[in-house]
Amino acid sequence: MNFRNRTTLWLVLAISIVMLWDNWQVYNGGTSLFFRSGSDKAQSASARRSRAKTDLLQAGKAAEGQPAESKKTIPTETVRITTDVVAADIDTAGGVLKRLELLKHKDKVDPEKNLVLFDTNAPRTYLAQTGLTGGTFPNHNTAFVARPGVRTLDKGDEIQLVLEAEQGGVKLVKTFTFKRGDYAIGVKHEIVNRSNAPIEPSLYLQLVRDGDKPEGESKLASTFTGPAVYTDADKFQKLDFEKIEKGKEEHANRADNGWIAMVQHYFVSAFILPEKTEREIYSRKVDTNLYALGDIVPLGTVAPGASVAFDARLYSGPQDSVILEKTAVGLDLVKDYGWVTIVAKPIFWLMTHIQTYVGNWGWTIIVLTVLIKLLFFPLSAASYRSMANMKEVQPKITDLRERYKDDKPAMNKAMMDLYKTEKINPLGGCLPVAVQVPVFIALYWVLLASVEIRNAPWIGWITDLAMPDPWYILPVLMAVSMFIQQRMTPPPADPMQAKVMNFVPIIFSVMFFFFPSGLVLYWIVNNVLSIAQQWWVNKQYEASKAKKKNPA
């Protein structure tokens, strides 16, 4: 091998070693010797997303409301912003919204206090956190400084809190905007690149919550508590804390629309991003009984000396259908009526219109129940006439059961012949009722889910239709109405079934002692109307029967 060939080989080997070493540096997060942004270019989009998630997990220790190691020597303060509807506590340690008091809604356990949605006091942990990933950038562990300004919305319609932090040559400015009468908080992030190299940061916005239901939640009338995701493609998805715990929860994980939320009875918190914003949606376990749901938004390349801004909204307030519909597409779906949604929505629409005229939610429930009863009057009447016919032939049915008790096929044939002779449809009493069942189930869920009846009084001792009757008068009245209704209904032919049915009013009355008084009121009105209608149908039936026996 001549000198020229050996020199060429040594040169190729040397260049290969240098290039390998340079790529090894890039792979381990270092800076390329040849390309200023080589680290970023070498990584694929999926690799950057993976790193963003890793950064987020490493920053997650502050999520449980405990100070991170870097916070211990950094003085922080809690800034309280007060409007006419909320009092918000924002910690400059991370710019975290750690407490949110709803001034127009009372606490379910202690009505003397306002309801607190976000909180870090045991047993509740509920936070809204934001920050940057993709490098050594400010996140929800970084110490921010609050700019001086007004903290109470006394005059005007808007108030802002501006927080600033700088880390790794990157400045992050968080601006929280509160408006009069509005539960939607503007959350703006402005990123300024003060370093000498381009950066590609991603913004994360996450809701962190423990997996427990709200205090005072009834176990007999339990509602959904947990994360939820909405996208145009996958629609409304409820997530399960236990599945997140096990890493088995599946949901939409990429979209350019929709929202993420934490849902609980009557209230919801949701991060809402601008439409057509590409985002990655994630859910994860943060700590023991602590979970996060969030969005990661790539902000693109920010050149040295340049800046980029991103606006989002955080709705934290009541599940008021009118407000939710105006806030974001599909957000009203957090009022989850399940399979009866198609029926429940028109019922709620009717209820709200009745309330505008009546002015009292208790009387609204009564009027609504009466209207629905009138709508189904023909079906109910047919059911009661069928039951009256069955009551008439009950002695004959009992006789057939005794006669053919050892020969069931013969007994069934004899009973069918009896029904044919007497012109009775054995299902005539069930089918009209079955048609009404979805409507009354929908009405039940509408009343259970409507924040509008929360803290709403009716008369006298009923000062909150969303709470159980403090004197238990309504449950007792409901038990009495069920007992009367049962006595008017033909008993089952089976003696054992008849005995079981005698305990139904007692069982239901015990259950309804713990139900919201608005629901109990609905059942009482429904039962009373049913008793009146059944009495009227029975009277008409007896008159018709007497007329047939003694024609004029």
# chains A, B, ... in the order shown; residues from 1 in each chain; ligands from 1
call {"tool": "residues_around", "arguments": {"residues": "Val334 (chain A)", "least_positions_apart": "3", "cutoff": "9 Å", "atoms": "only C-alpha atoms", "output": "list in words"}}
result
Ala228, Phe236, Lys238, Ala261, Val263, Gln264, Phe267, Val268, Gln319, Leu324, Gly330, Leu331 and Tyr337 of chain A
call {"tool": "write_last_selection", "arguments": {"atoms": "C-alpha atoms", "output": "short mmCIF file (atom, residue, chain, number, x, y, z; two decimals), in the first residue's frame"}}
result
data_model
loop_
_atom_site.label_atom_id
_atom_site.label_comp_id
_atom_site.auth_asym_id
_atom_site.auth_seq_id
_atom_site.Cartn_x
_atom_site.Cartn_y
_atom_site.Cartn_z
CA ALA A 228 -62.45 13.72 30.87
CA PHE A 236 -66.62 12.86 25.13
CA LYS A 238 -64.58 9.76 30.74
CA ALA A 261 -61.10 18.48 32.17
CA VAL A 263 -65.14 16.61 36.50
CA GLN A 264 -67.00 16.30 39.78
CA PHE A 267 -68.48 21.51 38.92
CA VAL A 268 -65.73 21.20 36.31
CA GLN A 319 -71.73 22.96 35.31
CA LEU A 324 -70.64 25.67 29.25
CA GLY A 330 -68.91 19.94 23.78
CA LEU A 331 -68.13 21.27 27.25
CA TYR A 337 -76.85 11.97 31.43
#
call {"tool": "residues_around", "arguments": {"residues": "region 396-404 of chain A", "least_positions_apart": "6", "cutoff": "10 Å", "atoms": "only C-alpha atoms", "output": "mmCIF file with N, CA, C and O atoms, in the first residue's frame"}}
result
data_model
loop_
_atom_site.group_PDB
_atom_site.id
_atom_site.type_symbol
_atom_site.label_atom_id
_atom_site.label_comp_id
_atom_site.auth_asym_id
_atom_site.auth_seq_id
_atom_site.Cartn_x
_atom_site.Cartn_y
_atom_site.Cartn_z
ATOM 1 N N MET A 390 -106.998 -7.040 35.250
ATOM 2 C CA MET A 390 -106.267 -8.127 35.904
ATOM 3 C C MET A 390 -106.779 -8.350 37.328
ATOM 4 O O MET A 390 -106.878 -9.498 37.792
ATOM 5 N N ALA A 410 -100.113 -27.232 31.400
ATOM 6 C CA ALA A 410 -101.574 -27.129 31.383
ATOM 7 C C ALA A 410 -102.028 -25.817 32.025
ATOM 8 O O ALA A 410 -102.995 -25.191 31.564
ATOM 9 N N MET A 411 -101.341 -25.423 33.081
ATOM 10 C CA MET A 411 -101.686 -24.157 33.738
ATOM 11 C C MET A 411 -101.477 -22.968 32.802
ATOM 12 O O MET A 411 -102.337 -22.091 32.704
ATOM 13 N N ASN A 412 -100.353 -22.953 32.089
ATOM 14 C CA ASN A 412 -100.086 -21.852 31.158
ATOM 15 C C ASN A 412 -101.124 -21.800 30.058
ATOM 16 O O ASN A 412 -101.583 -20.719 29.660
ATOM 17 N N ALA A 414 -104.222 -22.921 30.219
ATOM 18 C CA ALA A 414 -105.496 -22.492 30.799
ATOM 19 C C ALA A 414 -105.516 -20.984 31.038
ATOM 20 O O ALA A 414 -106.541 -20.316 30.818
ATOM 21 N N MET A 415 -104.396 -20.431 31.467
ATOM 22 C CA MET A 415 -104.326 -18.990 31.705
ATOM 23 C C MET A 415 -104.411 -18.212 30.401
ATOM 24 O O MET A 415 -105.071 -17.162 30.329
ATOM 25 N N LEU A 418 -107.891 -18.114 29.412
ATOM 26 C CA LEU A 418 -108.630 -17.160 30.249
ATOM 27 C C LEU A 418 -108.415 -15.731 29.754
ATOM 28 O O LEU A 418 -109.372 -14.946 29.644
ATOM 29 N N TYR A 419 -107.155 -15.379 29.461
ATOM 30 C CA TYR A 419 -106.861 -14.031 28.947
ATOM 31 C C TYR A 419 -107.617 -13.771 27.650
ATOM 32 O O TYR A 419 -108.137 -12.671 27.413
ATOM 33 N N ALA A 493 -99.635 -12.806 41.990
ATOM 34 C CA ALA A 493 -100.292 -14.074 42.323
ATOM 35 C C ALA A 493 -99.430 -14.916 43.261
ATOM 36 O O ALA A 493 -99.944 -15.675 44.075
ATOM 37 N N ASP A 494 -98.125 -14.762 43.144
ATOM 38 C CA ASP A 494 -97.200 -15.511 43.999
ATOM 39 C C ASP A 494 -97.178 -14.887 45.389
ATOM 40 O O ASP A 494 -96.845 -13.708 45.541
#
call {"tool": "residues_around", "arguments": {"residues": "Ile507 (chain A)", "least_positions_apart": "5", "cutoff": "12 Å", "atoms": "only C-alpha atoms", "output": "list in words"}}
result
Pro475, Val476, Met478, Ala479, Met482, Phe483, Val500, Met501, Asn502, Phe512 and Phe513 of chain A
call {"tool": "residues_around", "arguments": {"residues": "region 441-448 of chain A", "least_positions_apart": "5", "cutoff": "10 Å", "atoms": "only C-alpha atoms", "output": "VMD selection string"}}
result
chain A and resid 221 to 223 265 to 266 335 to 348 351 365 368 to 369 372 436 453 to 454 465 to 466 515 to 516 518 to 520 522 to 523
call {"tool": "write_last_selection", "arguments": {"atoms": "N, CA and C atoms", "output": "compact mmCIF listing (two decimals), in the first residue's frame"}}
result
# COMPACT_ATOMS: atom_id res chain seq x y z
N ALA A 221 -76.57 8.22 45.64
CA ALA A 221 -76.83 8.99 44.42
C ALA A 221 -75.49 9.48 43.88
N SER A 222 -74.59 8.53 43.67
CA SER A 222 -73.23 8.87 43.28
C SER A 222 -73.14 9.31 41.83
N THR A 223 -72.27 10.28 41.58
CA THR A 223 -72.06 10.79 40.22
C THR A 223 -70.58 10.65 39.86
N HIS A 265 -69.20 16.32 40.78
CA HIS A 265 -70.61 16.66 40.85
C HIS A 265 -70.82 18.17 40.89
N TYR A 266 -71.56 18.68 39.92
CA TYR A 266 -71.94 20.08 39.80
C TYR A 266 -70.85 21.00 39.27
N LYS A 335 -72.03 17.46 31.94
CA LYS A 335 -73.28 17.11 32.61
C LYS A 335 -73.74 15.80 31.97
N ASP A 336 -73.23 14.72 32.48
CA ASP A 336 -73.36 13.43 31.82
C ASP A 336 -74.67 12.75 32.19
N TYR A 337 -75.58 12.65 31.21
CA TYR A 337 -76.85 11.97 31.43
C TYR A 337 -76.84 10.52 30.94
N GLY A 338 -75.68 10.08 30.44
CA GLY A 338 -75.58 8.69 29.98
C GLY A 338 -76.45 8.42 28.77
N TRP A 339 -77.06 7.24 28.74
CA TRP A 339 -77.83 6.79 27.57
C TRP A 339 -79.14 7.54 27.39
N VAL A 340 -79.56 8.32 28.39
CA VAL A 340 -80.82 9.07 28.25
C VAL A 340 -80.57 10.53 27.88
N THR A 341 -79.36 10.85 27.40
CA THR A 341 -79.02 12.23 27.06
C THR A 341 -80.00 12.83 26.06
N ILE A 342 -80.38 12.04 25.04
CA ILE A 342 -81.27 12.55 23.99
C ILE A 342 -82.63 12.96 24.54
N VAL A 343 -83.03 12.37 25.66
CA VAL A 343 -84.29 12.73 26.31
C VAL A 343 -84.05 13.79 27.39
N ALA A 344 -82.93 13.69 28.08
CA ALA A 344 -82.65 14.57 29.22
C ALA A 344 -82.48 16.03 28.80
N LYS A 345 -81.82 16.26 27.67
CA LYS A 345 -81.56 17.64 27.25
C LYS A 345 -82.85 18.43 26.99
N PRO A 346 -83.83 17.87 26.26
CA PRO A 346 -85.10 18.60 26.10
C PRO A 346 -85.82 18.83 27.43
N ILE A 347 -85.71 17.85 28.35
CA ILE A 347 -86.35 18.02 29.66
C ILE A 347 -85.70 19.17 30.41
N PHE A 348 -84.37 19.23 30.38
CA PHE A 348 -83.69 20.34 31.06
C PHE A 348 -84.05 21.68 30.42
N MET A 351 -87.36 22.63 31.70
CA MET A 351 -87.28 23.00 33.11
C MET A 351 -86.77 24.43 33.28
N ILE A 365 -89.98 22.04 39.64
CA ILE A 365 -89.99 20.57 39.63
C ILE A 365 -91.42 20.05 39.64
N LEU A 368 -93.08 20.79 36.21
CA LEU A 368 -92.49 19.92 35.19
C LEU A 368 -93.03 18.49 35.32
N THR A 369 -93.13 17.98 36.54
CA THR A 369 -93.65 16.63 36.76
C THR A 369 -95.10 16.53 36.31
N ILE A 372 -95.24 16.43 32.45
CA ILE A 372 -94.84 15.12 31.92
C ILE A 372 -95.92 14.08 32.18
N GLN A 436 -92.63 4.94 29.29
CA GLN A 436 -92.38 6.13 30.10
C GLN A 436 -91.07 6.06 30.89
N ILE A 453 -80.17 23.77 40.90
CA ILE A 453 -80.98 23.55 42.11
C ILE A 453 -80.10 23.51 43.36
N ARG A 454 -78.79 23.59 43.17
CA ARG A 454 -77.89 23.60 44.33
C ARG A 454 -78.05 24.92 45.08
N LEU A 465 -82.47 22.41 47.65
CA LEU A 465 -83.07 21.26 46.98
C LEU A 465 -82.05 20.19 46.61
N ALA A 466 -80.76 20.52 46.67
CA ALA A 466 -79.72 19.54 46.37
C ALA A 466 -79.28 18.76 47.60
N PHE A 515 -81.38 11.02 49.78
CA PHE A 515 -81.42 11.61 48.46
C PHE A 515 -81.65 13.12 48.55
N PRO A 516 -81.20 13.88 47.53
CA PRO A 516 -81.51 15.32 47.50
C PRO A 516 -83.02 15.55 47.56
N GLY A 518 -84.85 17.68 46.21
CA GLY A 518 -85.47 17.95 44.91
C GLY A 518 -85.91 16.67 44.22
N LEU A 519 -85.10 15.60 44.33
CA LEU A 519 -85.46 14.32 43.75
C LEU A 519 -86.63 13.69 44.49
N VAL A 520 -86.62 13.81 45.81
CA VAL A 520 -87.72 13.24 46.61
C VAL A 520 -89.02 13.98 46.29
N TYR A 522 -89.84 15.34 43.49
CA TYR A 522 -90.29 14.84 42.18
C TYR A 522 -91.03 13.51 42.33
N TRP A 523 -90.48 12.58 43.13
CA TRP A 523 -91.12 11.27 43.30
C TRP A 523 -92.46 11.40 44.02
call {"tool": "residues_around", "arguments": {"residues": "Arg99 (chain A)", "least_positions_apart": "5", "cutoff": "10 Å", "atoms": "only C-alpha atoms", "output": "NGL selection string"}}
result
:A and (78 or 80 or 87-91 or 116-121 or 125-128)
call {"tool": "write_last_selection", "arguments": {"atoms": "C-alpha atoms", "output": "mmCIF file, in the first residue's frame"}}
result
data_model
loop_
_atom_site.group_PDB
_atom_site.id
_atom_site.type_symbol
_atom_site.label_atom_id
_atom_site.label_comp_id
_atom_site.auth_asym_id
_atom_site.auth_seq_id
_atom_site.Cartn_x
_atom_site.Cartn_y
_atom_site.Cartn_z
ATOM 1 C CA THR A 78 -49.162 33.406 47.499
ATOM 2 C CA ARG A 80 -54.764 36.225 46.030
ATOM 3 C CA ALA A 87 -61.042 34.129 44.967
ATOM 4 C CA ALA A 88 -57.906 32.562 43.470
ATOM 5 C CA ASP A 89 -54.619 31.808 45.238
ATOM 6 C CA ILE A 90 -51.647 31.590 42.886
ATOM 7 C CA ASP A 91 -48.287 30.452 44.266
ATOM 8 C CA VAL A 116 -63.376 25.528 47.435
ATOM 9 C CA LEU A 117 -62.621 23.788 44.140
ATOM 10 C CA PHE A 118 -58.806 23.857 43.842
ATOM 11 C CA ASP A 119 -57.091 23.138 47.139
ATOM 12 C CA THR A 120 -53.934 21.707 48.719
ATOM 13 C CA ASN A 121 -55.292 21.078 52.212
ATOM 14 C CA THR A 125 -55.234 18.015 46.319
ATOM 15 C CA TYR A 126 -56.433 19.805 43.210
ATOM 16 C CA LEU A 127 -54.147 22.087 41.167
ATOM 17 C CA ALA A 128 -53.663 23.735 37.795
#
call {"tool": "select_by_dssp", "arguments": {"residues": "region 108-200 of chain A", "states": "strand (DSSP E or B)", "output": "PyMOL selection string"}}
result
chain A and resi 114-116+119+126-133+143+145-146+152+158-167+170-179+184-193+199
call {"tool": "write_last_selection", "arguments": {"atoms": "N, CA and C atoms", "output": "short mmCIF file (atom, residue, chain, number, x, y, z; two decimals), in the first residue's frame"}}
result
data_model
loop_
_atom_site.label_atom_id
_atom_site.label_comp_id
_atom_site.auth_asym_id
_atom_site.auth_seq_id
_atom_site.Cartn_x
_atom_site.Cartn_y
_atom_site.Cartn_z
N ASN A 114 -67.88 29.09 51.64
CA ASN A 114 -67.96 28.98 50.19
C ASN A 114 -67.30 27.69 49.73
N LEU A 115 -67.71 27.20 48.58
CA LEU A 115 -67.11 25.99 48.05
C LEU A 115 -65.70 26.27 47.55
N VAL A 116 -64.75 25.41 47.90
CA VAL A 116 -63.38 25.53 47.43
C VAL A 116 -63.14 24.41 46.42
N ASP A 119 -57.53 23.07 45.74
CA ASP A 119 -57.09 23.14 47.14
C ASP A 119 -55.87 22.24 47.32
N TYR A 126 -55.82 19.48 44.50
CA TYR A 126 -56.43 19.80 43.21
C TYR A 126 -55.74 21.08 42.72
N LEU A 127 -54.99 20.99 41.63
CA LEU A 127 -54.15 22.09 41.17
C LEU A 127 -54.24 22.27 39.66
N ALA A 128 -53.86 23.47 39.22
CA ALA A 128 -53.66 23.74 37.80
C ALA A 128 -52.22 24.19 37.62
N GLN A 129 -51.47 23.48 36.79
CA GLN A 129 -50.04 23.75 36.62
C GLN A 129 -49.71 23.93 35.14
N THR A 130 -48.76 24.81 34.88
CA THR A 130 -48.26 24.99 33.51
C THR A 130 -46.76 25.21 33.55
N GLY A 131 -46.10 24.99 32.42
CA GLY A 131 -44.66 25.22 32.34
C GLY A 131 -44.13 24.80 30.99
N LEU A 132 -42.81 24.86 30.86
CA LEU A 132 -42.15 24.52 29.60
C LEU A 132 -41.35 23.24 29.75
N THR A 133 -41.29 22.46 28.69
CA THR A 133 -40.44 21.28 28.62
C THR A 133 -39.58 21.37 27.36
N ALA A 143 -39.20 29.33 40.56
CA ALA A 143 -39.66 30.49 41.33
C ALA A 143 -39.95 31.65 40.37
N VAL A 145 -41.60 35.71 39.88
CA VAL A 145 -41.76 36.99 40.58
C VAL A 145 -43.03 37.66 40.06
N ALA A 146 -43.85 38.13 40.98
CA ALA A 146 -45.12 38.76 40.59
C ALA A 146 -44.91 40.26 40.39
N THR A 152 -57.67 43.08 43.61
CA THR A 152 -59.12 42.93 43.83
C THR A 152 -59.88 43.68 42.75
N GLU A 158 -61.93 43.82 34.47
CA GLU A 158 -60.84 42.89 34.24
C GLU A 158 -59.69 43.18 35.19
N ILE A 159 -58.99 42.11 35.58
CA ILE A 159 -57.83 42.24 36.44
C ILE A 159 -56.81 41.19 36.01
N GLN A 160 -55.51 41.53 36.07
CA GLN A 160 -54.46 40.62 35.63
C GLN A 160 -53.39 40.42 36.69
N LEU A 161 -52.84 39.22 36.69
CA LEU A 161 -51.66 38.91 37.49
C LEU A 161 -50.58 38.45 36.53
N VAL A 162 -49.41 39.13 36.58
CA VAL A 162 -48.31 38.81 35.69
C VAL A 162 -47.15 38.26 36.51
N LEU A 163 -46.68 37.06 36.13
CA LEU A 163 -45.56 36.40 36.81
C LEU A 163 -44.42 36.22 35.82
N GLU A 164 -43.18 36.39 36.30
CA GLU A 164 -42.01 36.27 35.44
C GLU A 164 -40.98 35.35 36.06
N ALA A 165 -40.31 34.57 35.19
CA ALA A 165 -39.22 33.72 35.65
C ALA A 165 -38.26 33.51 34.48
N GLU A 166 -36.98 33.29 34.81
CA GLU A 166 -35.99 33.02 33.78
C GLU A 166 -35.11 31.86 34.22
N GLN A 167 -34.86 30.95 33.28
CA GLN A 167 -34.03 29.78 33.57
C GLN A 167 -33.42 29.30 32.27
N VAL A 170 -33.90 31.39 29.16
CA VAL A 170 -35.26 31.48 28.61
C VAL A 170 -36.17 32.13 29.64
N LYS A 171 -36.83 33.20 29.23
CA LYS A 171 -37.74 33.92 30.12
C LYS A 171 -39.17 33.50 29.81
N LEU A 172 -39.93 33.19 30.87
CA LEU A 172 -41.34 32.83 30.74
C LEU A 172 -42.17 33.84 31.51
N VAL A 173 -43.14 34.42 30.83
CA VAL A 173 -44.07 35.37 31.45
C VAL A 173 -45.47 34.75 31.42
N LYS A 174 -46.02 34.49 32.61
CA LYS A 174 -47.39 33.98 32.73
C LYS A 174 -48.32 35.12 33.08
N THR A 175 -49.40 35.23 32.34
CA THR A 175 -50.38 36.27 32.62
C THR A 175 -51.75 35.62 32.84
N PHE A 176 -52.26 35.77 34.06
CA PHE A 176 -53.60 35.28 34.39
C PHE A 176 -54.58 36.45 34.28
N THR A 177 -55.64 36.28 33.51
CA THR A 177 -56.63 37.34 33.32
C THR A 177 -57.98 36.89 33.87
N PHE A 178 -58.50 37.67 34.81
CA PHE A 178 -59.80 37.39 35.43
C PHE A 178 -60.79 38.47 34.99
N LYS A 179 -62.02 38.06 34.66
CA LYS A 179 -63.03 39.00 34.22
C LYS A 179 -64.26 38.95 35.13
N ALA A 184 -64.10 31.66 33.49
CA ALA A 184 -63.01 31.31 32.58
C ALA A 184 -61.84 32.26 32.81
N ILE A 185 -60.69 31.72 33.16
CA ILE A 185 -59.48 32.49 33.44
C ILE A 185 -58.57 32.43 32.22
N GLY A 186 -58.18 33.59 31.72
CA GLY A 186 -57.21 33.62 30.63
C GLY A 186 -55.83 33.26 31.15
N VAL A 187 -55.14 32.34 30.45
CA VAL A 187 -53.80 31.92 30.86
C VAL A 187 -52.88 32.09 29.64
N LYS A 188 -52.08 33.17 29.67
CA LYS A 188 -51.20 33.47 28.54
C LYS A 188 -49.75 33.17 28.93
N HIS A 189 -49.01 32.58 28.00
CA HIS A 189 -47.59 32.30 28.21
C HIS A 189 -46.79 32.98 27.10
N GLU A 190 -45.82 33.78 27.51
CA GLU A 190 -44.92 34.42 26.54
C GLU A 190 -43.50 33.93 26.82
N ILE A 191 -42.88 33.36 25.80
CA ILE A 191 -41.54 32.80 25.94
C ILE A 191 -40.55 33.68 25.19
N VAL A 192 -39.52 34.16 25.88
CA VAL A 192 -38.49 35.01 25.28
C VAL A 192 -37.16 34.27 25.33
N ASN A 193 -36.56 34.06 24.17
CA ASN A 193 -35.28 33.35 24.10
C ASN A 193 -34.14 34.35 24.25
N ILE A 199 -34.12 27.55 20.33
CA ILE A 199 -34.73 26.57 21.24
C ILE A 199 -36.03 26.08 20.62
#
call {"tool": "atom_distance", "arguments": {"atom1": "CA of Glu542 (chain A)", "atom2": "CA of Met488 (chain A)"}}
result
13.9 Å
call {"tool": "closest_residue", "arguments": {"among": "A:Phe377, A:Trp458, A:Tyr315, A:Phe514", "to": "Tyr183 (chain A)", "atoms": "only C-alpha atoms"}}
result
A:Tyr315
